[in-house]
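Engineer: Structure supplied as structure17.cif; contents: mmCIF, C-alpha atoms.
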```cif
data_coords
loop_
_atom_site.group_PDB
_atom_site.id
_atom_site.type_symbol
_atom_site.label_atom_id
_atom_site.label_comp_id
_atom_site.auth_asym_id
_atom_site.auth_seq_id
_atom_site.Cartn_x
_atom_site.Cartn_y
_atom_site.Cartn_z
ATOM 1 C CA MET A 290 -19.873 24.836 -36.136
ATOM 2 C CA ASN A 291 -21.029 22.021 -33.847
ATOM 3 C CA ARG A 292 -22.234 18.411 -33.779
ATOM 4 C CA ASP A 293 -25.476 19.339 -35.574
ATOM 5 C CA ASP A 294 -23.408 20.232 -38.653
ATOM 6 C CA VAL A 295 -22.241 16.610 -39.103
ATOM 7 C CA ASP A 296 -24.332 13.817 -40.604
ATOM 8 C CA ILE A 297 -23.233 10.231 -39.882
ATOM 9 C CA ILE A 298 -24.634 8.251 -42.796
ATOM 10 C CA GLY A 299 -23.207 4.908 -41.738
ATOM 11 C CA CYS A 300 -20.789 3.290 -39.305
ATOM 12 C CA LYS A 301 -19.658 -0.332 -39.062
ATOM 13 C CA ARG A 302 -17.030 -2.119 -37.008
ATOM 14 C CA GLY A 303 -14.152 -3.168 -39.238
ATOM 15 C CA TRP A 304 -11.958 -4.725 -36.559
ATOM 16 C CA ASP A 305 -12.712 -5.684 -32.973
ATOM 17 C CA GLY A 306 -9.505 -6.732 -31.249
ATOM 18 C CA TYR A 307 -7.161 -5.077 -28.772
ATOM 19 C CA PHE A 308 -7.858 -1.965 -30.811
ATOM 20 C CA LYS A 309 -11.177 -1.331 -32.499
ATOM 21 C CA LEU A 310 -11.542 0.120 -35.986
ATOM 22 C CA ASP A 311 -14.790 1.727 -37.146
ATOM 23 C CA VAL A 312 -15.543 2.612 -40.759
ATOM 24 C CA TYR A 313 -17.568 5.816 -41.065
ATOM 25 C CA GLN A 314 -19.484 7.451 -43.879
ATOM 26 C CA VAL A 315 -19.990 11.102 -42.964
ATOM 27 C CA ARG A 316 -20.620 14.472 -44.477
ATOM 28 C CA HIS A 317 -20.451 17.874 -42.853
ATOM 29 C CA LYS A 318 -21.345 21.492 -43.412
ATOM 30 C CA ARG A 319 -18.547 23.397 -45.118
ATOM 31 C CA PHE A 320 -17.338 26.878 -44.266
ATOM 32 C CA ASP A 321 -18.937 28.190 -47.473
ATOM 33 C CA GLY A 322 -22.324 26.852 -46.312
ATOM 34 C CA ASP A 323 -22.529 23.872 -48.702
ATOM 35 C CA LEU A 324 -22.362 20.219 -47.681
ATOM 36 C CA SER A 325 -19.188 18.212 -48.171
ATOM 37 C CA PRO A 326 -19.239 15.068 -50.303
ATOM 38 C CA VAL A 327 -19.689 11.802 -48.392
ATOM 39 C CA LEU A 328 -16.370 10.989 -46.734
ATOM 40 C CA HIS A 329 -15.265 7.395 -46.071
ATOM 41 C CA ARG A 330 -12.966 7.320 -43.039
ATOM 42 C CA GLU A 331 -11.484 4.577 -40.838
ATOM 43 C CA ILE A 332 -11.369 5.652 -37.189
ATOM 44 C CA LEU A 333 -9.287 3.899 -34.539
ATOM 45 C CA ASP A 334 -11.351 3.602 -31.340
ATOM 46 C CA ARG A 335 -8.385 3.880 -28.996
ATOM 47 C CA GLY A 336 -10.158 4.856 -25.788
ATOM 48 C CA HIS A 337 -9.016 7.720 -23.568
ATOM 49 C CA ALA A 338 -5.717 8.074 -21.759
ATOM 50 C CA VAL A 339 -4.350 9.805 -18.685
ATOM 51 C CA ALA A 340 -0.758 10.971 -18.350
ATOM 52 C CA VAL A 341 1.125 12.307 -15.343
ATOM 53 C CA LEU A 342 4.308 14.343 -15.077
ATOM 54 C CA PRO A 343 5.799 13.251 -11.719
ATOM 55 C CA TYR A 344 7.783 16.198 -10.385
ATOM 56 C CA ASP A 345 9.644 16.752 -7.108
ATOM 57 C CA PRO A 346 9.809 20.530 -6.551
ATOM 58 C CA LEU A 347 12.072 20.167 -3.491
ATOM 59 C CA ARG A 348 14.745 18.329 -5.465
ATOM 60 C CA ASP A 349 13.755 19.996 -8.773
ATOM 61 C CA GLU A 350 13.721 16.565 -10.428
ATOM 62 C CA VAL A 351 11.422 14.977 -12.975
ATOM 63 C CA VAL A 352 10.647 11.250 -12.895
ATOM 64 C CA LEU A 353 10.919 9.786 -16.394
ATOM 65 C CA ILE A 354 10.349 6.296 -17.726
ATOM 66 C CA GLU A 355 11.783 4.443 -20.719
ATOM 67 C CA GLN A 356 10.083 1.556 -22.522
ATOM 68 C CA PHE A 357 9.806 -0.259 -25.867
ATOM 69 C CA ARG A 358 7.091 1.042 -28.215
ATOM 70 C CA PRO A 359 6.182 -1.260 -31.148
ATOM 71 C CA GLY A 360 4.615 1.544 -33.167
ATOM 72 C CA THR A 361 8.094 2.976 -33.673
ATOM 73 C CA LEU A 362 9.346 0.022 -35.742
ATOM 74 C CA ALA A 363 7.808 1.027 -39.082
ATOM 75 C CA VAL A 364 8.828 4.635 -38.484
ATOM 76 C CA GLN A 365 12.474 3.696 -37.966
ATOM 77 C CA ASP A 366 12.562 1.882 -41.306
ATOM 78 C CA ARG A 367 12.117 5.298 -42.924
ATOM 79 C CA GLN A 368 13.705 7.482 -40.234
ATOM 80 C CA PRO A 369 16.513 5.431 -38.648
ATOM 81 C CA ASP A 370 17.495 8.218 -36.254
ATOM 82 C CA MET A 371 14.158 7.906 -34.423
ATOM 83 C CA PRO A 372 14.362 5.738 -31.260
ATOM 84 C CA ILE A 373 12.437 2.526 -30.571
ATOM 85 C CA TRP A 374 12.694 2.737 -26.768
ATOM 86 C CA LEU A 375 11.069 6.036 -25.804
ATOM 87 C CA ILE A 376 11.666 8.347 -22.855
ATOM 88 C CA GLU A 377 8.213 9.241 -21.563
ATOM 89 C CA ILE A 378 6.112 10.196 -18.579
ATOM 90 C CA VAL A 379 3.598 7.959 -16.813
ATOM 91 C CA ALA A 380 0.435 7.161 -18.804
ATOM 92 C CA GLY A 381 -2.423 4.674 -18.986
ATOM 93 C CA ILE A 382 -5.858 4.020 -20.487
ATOM 94 C CA ILE A 383 -9.063 4.778 -18.570
ATOM 95 C CA GLU A 384 -10.970 1.532 -18.112
ATOM 96 C CA GLU A 385 -14.729 1.280 -17.642
ATOM 97 C CA GLY A 386 -15.782 2.494 -14.200
ATOM 98 C CA GLU A 387 -12.564 4.433 -13.572
ATOM 99 C CA THR A 388 -12.029 8.174 -13.333
ATOM 100 C CA ALA A 389 -9.076 10.025 -14.803
ATOM 101 C CA LEU A 390 -7.817 10.776 -11.293
ATOM 102 C CA ASP A 391 -8.019 7.080 -10.319
ATOM 103 C CA VAL A 392 -5.942 6.116 -13.343
ATOM 104 C CA ALA A 393 -3.413 8.890 -12.740
ATOM 105 C CA ARG A 394 -2.608 7.679 -9.232
ATOM 106 C CA ARG A 395 -2.641 3.986 -10.173
ATOM 107 C CA GLU A 396 -0.407 4.355 -13.206
ATOM 108 C CA THR A 397 2.051 6.561 -11.331
ATOM 109 C CA ARG A 398 2.387 3.851 -8.708
ATOM 110 C CA GLU A 399 2.631 0.953 -11.195
ATOM 111 C CA GLU A 400 4.940 2.539 -13.736
ATOM 112 C CA SER A 401 7.258 4.623 -11.543
ATOM 113 C CA GLY A 402 6.882 3.342 -7.982
ATOM 114 C CA CYS A 403 5.914 6.866 -6.838
ATOM 115 C CA GLU A 404 2.957 7.996 -4.779
ATOM 116 C CA ILE A 405 1.291 11.300 -5.642
ATOM 117 C CA ILE A 406 1.512 13.826 -2.795
ATOM 118 C CA GLY A 407 -1.619 15.949 -2.449
ATOM 119 C CA ASP A 408 -3.839 16.914 -5.348
ATOM 120 C CA LEU A 409 -3.021 16.392 -9.004
ATOM 121 C CA MET A 410 -2.582 19.597 -11.012
ATOM 122 C CA PRO A 411 -4.435 19.714 -14.351
ATOM 123 C CA ILE A 412 -2.246 20.626 -17.338
ATOM 124 C CA SER A 413 -4.362 19.969 -20.430
ATOM 125 C CA GLN A 414 -6.889 17.749 -22.169
ATOM 126 C CA TYR A 415 -6.328 17.297 -25.883
ATOM 127 C CA TYR A 416 -6.920 15.148 -28.951
ATOM 128 C CA VAL A 417 -3.977 12.941 -29.886
ATOM 129 C CA SER A 418 -4.641 12.502 -33.608
ATOM 130 C CA PRO A 419 -8.275 13.400 -34.373
ATOM 131 C CA GLY A 420 -7.914 12.779 -38.096
ATOM 132 C CA CYS A 421 -7.902 9.030 -37.478
ATOM 133 C CA SER A 422 -8.315 8.282 -33.750
ATOM 134 C CA THR A 423 -10.795 8.860 -30.920
ATOM 135 C CA GLU A 424 -8.049 9.051 -28.291
ATOM 136 C CA THR A 425 -7.800 11.990 -25.922
ATOM 137 C CA VAL A 426 -5.254 12.580 -23.183
ATOM 138 C CA THR A 427 -6.004 14.142 -19.814
ATOM 139 C CA LEU A 428 -2.660 15.425 -18.582
ATOM 140 C CA TYR A 429 -1.664 16.195 -14.998
ATOM 141 C CA CYS A 430 1.363 17.138 -12.958
ATOM 142 C CA GLY A 431 1.761 15.226 -9.718
ATOM 143 C CA ARG A 432 4.081 16.133 -6.884
ATOM 144 C CA VAL A 433 6.246 13.202 -5.743
ATOM 145 C CA ASP A 434 9.227 12.453 -3.518
ATOM 146 C CA ALA A 435 11.949 11.436 -5.980
ATOM 147 C CA ALA A 436 14.618 10.710 -3.362
ATOM 148 C CA SER A 437 14.584 6.932 -3.803
ATOM 149 C CA VAL A 438 13.043 6.585 -7.260
ATOM 150 C CA GLY A 439 14.543 4.228 -9.828
ATOM 151 C CA GLY A 440 14.764 0.626 -10.974
ATOM 152 C CA LEU A 441 12.466 -1.463 -13.146
ATOM 153 C CA HIS A 442 8.700 -1.264 -12.890
ATOM 154 C CA GLY A 443 5.482 -2.122 -14.724
ATOM 155 C CA VAL A 444 2.827 -4.829 -14.664
ATOM 156 C CA ALA A 445 4.353 -8.124 -15.828
ATOM 157 C CA ASP A 446 1.003 -9.552 -16.974
ATOM 158 C CA GLU A 447 0.660 -6.591 -19.362
ATOM 159 C CA GLY A 448 4.130 -7.123 -20.814
ATOM 160 C CA GLU A 449 5.468 -3.901 -19.296
ATOM 161 C CA ASP A 450 9.224 -3.537 -18.882
ATOM 162 C CA ILE A 451 9.795 0.025 -17.669
ATOM 163 C CA ARG A 452 13.050 1.643 -16.614
ATOM 164 C CA VAL A 453 12.516 4.491 -14.152
ATOM 165 C CA PHE A 454 15.003 7.294 -13.551
ATOM 166 C CA THR A 455 15.122 10.910 -12.372
ATOM 167 C CA VAL A 456 16.542 13.914 -14.194
ATOM 168 C CA PRO A 457 17.005 17.496 -12.942
ATOM 169 C CA ALA A 458 14.420 19.741 -14.578
ATOM 170 C CA PRO A 459 16.984 21.856 -16.514
ATOM 171 C CA ASP A 460 18.507 18.671 -17.946
ATOM 172 C CA CYS A 461 15.032 17.517 -19.024
ATOM 173 C CA PHE A 462 14.558 20.749 -20.933
ATOM 174 C CA ALA A 463 17.945 20.246 -22.601
ATOM 175 C CA MET A 464 17.032 16.649 -23.556
ATOM 176 C CA MET A 465 13.855 17.944 -25.162
ATOM 177 C CA ALA A 466 15.781 20.619 -27.079
ATOM 178 C CA ARG A 467 18.212 17.973 -28.386
ATOM 179 C CA GLY A 468 15.344 15.784 -29.607
ATOM 180 C CA GLU A 469 16.027 12.984 -27.127
ATOM 181 C CA ILE A 470 12.431 13.296 -25.927
ATOM 182 C CA CYS A 471 10.254 12.899 -29.027
ATOM 183 C CA ASN A 472 6.705 12.029 -27.960
ATOM 184 C CA ALA A 473 4.002 14.662 -27.756
ATOM 185 C CA VAL A 474 2.634 14.070 -24.260
ATOM 186 C CA THR A 475 6.062 14.359 -22.621
ATOM 187 C CA ILE A 476 6.960 17.446 -24.656
ATOM 188 C CA ILE A 477 3.676 19.144 -23.708
ATOM 189 C CA ALA A 478 4.185 18.296 -20.038
ATOM 190 C CA LEU A 479 7.770 19.579 -19.976
ATOM 191 C CA GLN A 480 6.864 22.788 -21.773
ATOM 192 C CA TRP A 481 4.185 23.341 -19.123
ATOM 193 C CA LEU A 482 6.799 22.710 -16.427
ATOM 194 C CA MET A 483 9.101 25.297 -18.022
ATOM 195 C CA LEU A 484 6.315 27.872 -17.587
ATOM 196 C CA ASN A 485 5.248 26.786 -14.080
ATOM 197 C CA ARG A 486 8.442 25.483 -12.466
ATOM 198 C CA ASP A 487 9.217 28.590 -10.382
ATOM 199 C CA ARG A 488 5.625 28.745 -9.145
ATOM 200 C CA LEU A 489 5.655 25.077 -8.111
ATOM 201 C CA ARG A 490 8.971 25.451 -6.319
ATOM 202 C CA ASN A 491 7.812 28.645 -4.621
ATOM 203 C CA GLU A 492 4.623 26.927 -3.454
ATOM 204 C CA ALA A 493 6.781 24.144 -2.023
ATOM 205 C CA GLY A 494 8.825 26.754 -0.151
ATOM 206 C CA VAL A 495 12.053 26.136 -2.069
ATOM 207 C CA LEU A 496 12.661 29.490 -3.729
ATOM 208 C CA LYS A 497 11.635 31.454 -0.643
ATOM 209 C CA SER A 498 14.068 29.436 1.479
ATOM 210 C CA GLN A 499 16.880 29.937 -1.030
ATOM 211 C CA LYS A 500 16.341 33.728 -1.069
ATOM 212 C CA LEU A 501 16.400 33.910 2.734
ATOM 213 C CA ASN A 502 19.725 32.051 2.830
ATOM 214 C CA MET A 503 21.390 34.314 0.252
#
```
Before anything else, please render the file you have as structure tokens.
Structural biologist:
Amino acid sequence: MNRDDVDIIGCKRGWDGYFKLDVYQVRHKRFDGDLSPVLHREILDRGHAVAVLPYDPLRDEVVLIEQFRPGTLAVQDRQPDMPIWLIEIVAGIIEEGETALDVARRETREESGCEIIGDLMPISQYYVSPGCSTETVTLYCGRVDAASVGGLHGVADEGEDIRVFTVPAPDCFAMMARGEICNAVTIIALQWLMLNRDRLRNEAGVLKSQKLNM
């Protein structure tokens, strides 16, 4: 099925603030060939995001950030074991006139203090929560030099208070397995790194050098 199988009967803006909420009336072709009833759905117009996994293949370290996330507050009322400050990777929203690559480099610099070395490596592009939101994430891996990474970063005017730290890749995987990393974009990025880590290190000359010295 495709876009021609959906009929937008009506759409009006229900809220127009920092986030935008649109109220849709839609119907669509069903798998049995009939039309669905008219569905009334509120859709959060969130924009589109870019995320970057900063990785140093020479040191085999991942650059992670930690920051307060207000959306966690209501969740913790029902699930008190869930954290409020989240361990994440770099991410930001694409503004008008920007490309995903522009945002990836800018946000990596602002949120972690790192500069991307060479080209960004595409990981995935995916819907975040398409049942209620327009948001997509374009996800990259970016090679960085993590030797002197750390401290507090972020744009003060945007209320950002970001702690930056590095973790060896195997320890990152263990953190994910223990549930210490519990946001989708970081989990997806680290699972990709698990599959591609040896290749990235080999391309950087690390594994080849280690084998020669054995």
Engineer: Please enumerate the residues selected by the PyMOL selection byres ((chain A and resi 469-477) around 12) when evaluated against the supplied file, formatted as an NGL selection string.
Structural biologist: :A and (338-343 or 351-355 or 358 or 360-361 or 370-381 or 412-418 or 425-430 or 460-468 or 478-484)
Engineer: Using all atoms listed in the file for the distances, tell me which of A:Thr455, A:Ser422, A:Ser325, A:Asn491 is nearest to Ala435 of chain A.
Structural biologist: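 Between A:Thr455, A:Ser422, A:Ser325, A:Asn491, the residue approaching Ala435 of chain A most closely is A:Thr455.
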Engineer: Could you tell me which residues the PyMOL selection byres ((chain A and resi 333) around 6) grabs in this file, written as a VMD selection string?
Structural biologist: chain A and resid 309 to 310 332 334 to 335 422
Engineer: Taking (2.1, 13.0, -8.9) as a centre in this file's frame and 10 Å as the limit, can you find every polymer residue with an atom that close, using all atoms listed in the file, and give them as a list in words?
Structural biologist: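 Residues satisfying the cut-off, written out: Val341, Leu342, Pro343, Tyr344, Asp345, Val352, Val379, Ala393, Arg394, Glu396, Thr397, Arg398, Cys403, Glu404, Ile405, Ile406, Gly407, Asp408, Leu409, Met410, Tyr429, Cys430, Gly431, Arg432, Val433 and Asp434 of chain A.
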Engineer: Name the closest residue to Ala458 of chain A among the candidates A:Val438, A:Leu347, A:Ile382, A:Ala445; distances are taken between atoms, counting all atoms listed in the file.
Structural biologist: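 Among the listed residues, the smallest separation from Ala458 of chain A belongs to A:Leu347.
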Engineer: How would you write, as a CSV table (one decimal) with C-alpha atoms, in the coordinates of the input, the residues chosen by the PyMOL selection byres ((chain A and resi 317) around 10) on this structure?
Structural biologist:
```csv
chain,number,residue,atom,x,y,z
A,290,MET,CA,-19.9,24.8,-36.1
A,291,ASN,CA,-21.0,22.0,-33.8
A,292,ARG,CA,-22.2,18.4,-33.8
A,293,ASP,CA,-25.5,19.3,-35.6
A,294,ASP,CA,-23.4,20.2,-38.7
A,295,VAL,CA,-22.2,16.6,-39.1
A,296,ASP,CA,-24.3,13.8,-40.6
A,297,ILE,CA,-23.2,10.2,-39.9
A,315,VAL,CA,-20.0,11.1,-43.0
A,316,ARG,CA,-20.6,14.5,-44.5
A,318,LYS,CA,-21.3,21.5,-43.4
A,319,ARG,CA,-18.5,23.4,-45.1
A,320,PHE,CA,-17.3,26.9,-44.3
A,322,GLY,CA,-22.3,26.9,-46.3
A,323,ASP,CA,-22.5,23.9,-48.7
A,324,LEU,CA,-22.4,20.2,-47.7
A,325,SER,CA,-19.2,18.2,-48.2
A,326,PRO,CA,-19.2,15.1,-50.3
A,327,VAL,CA,-19.7,11.8,-48.4
A,328,LEU,CA,-16.4,11.0,-46.7
```
Engineer: Work out how far apart atom CA of Tyr313 of chain A and atom CA of Arg330 of chain A are and give it in Å to one decimal.
Structural biologist: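 Atom CA of Arg330 of chain A lies 5.2 Å from atom CA of Tyr313 of chain A.
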Engineer: Quote the spacing between atom CA of Glu350 of chain A and atom CA of Ser437 of chain A in Å to one decimal place.
Structural biologist: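 Taking atom CA of Glu350 of chain A as the start and atom CA of Ser437 of chain A as the end point, the length is 11.7 Å.
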Engineer: Within 10 Å of Glu331 of chain A, counting all atoms listed in the file, which residues show up once you throw out same-chain ones fewer than 5 positions away? Write them as a list of chain:residue names, please.
Structural biologist: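 Contacts, with the query itself left out: A:Cys300, A:Lys301, A:Arg302, A:Gly303, A:Leu310, A:Asp311, A:Val312, A:Tyr313, A:Gln314, A:Gly420, A:Cys421, A:Ser422.
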Engineer: Determine the nearest neighbour of Glu384 of chain A from the options A:Pro459, A:Gly336, A:Gly439, A:Gly494, counting all atoms listed in the file.
Structural biologist: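 Closest residue, counting all atoms listed in the file: A:Gly336.
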Engineer: Which residue out of A:Gly448, A:Gly443, A:Pro346, A:Gly306 has the minimum interatomic distance to Glu400 of chain A when only C-alpha atoms are used?
Structural biologist: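 With only C-alpha atoms as the atom set, the closest residue is A:Gly443.
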Engineer: Produce the centre coordinates and the three edge lengths, each in Å to one decimal, of the box along x, y and z that contains all listed atoms of segment 383-397 of chain A with 6 Å added on each side, as JSON.
Structural biologist:
```
{"center_x": -6.9, "center_y": 6.0, "center_z": -13.9, "size_x": 29.8, "size_y": 21.5, "size_z": 21.3}
```
Engineer: Atom CA of Gly440 of chain A and atom CA of Val453 of chain A, how far apart in Å?
Structural biologist: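 So the two atoms, atom CA of Val453 of chain A and atom CA of Gly440 of chain A, lie 5.5 Å apart.
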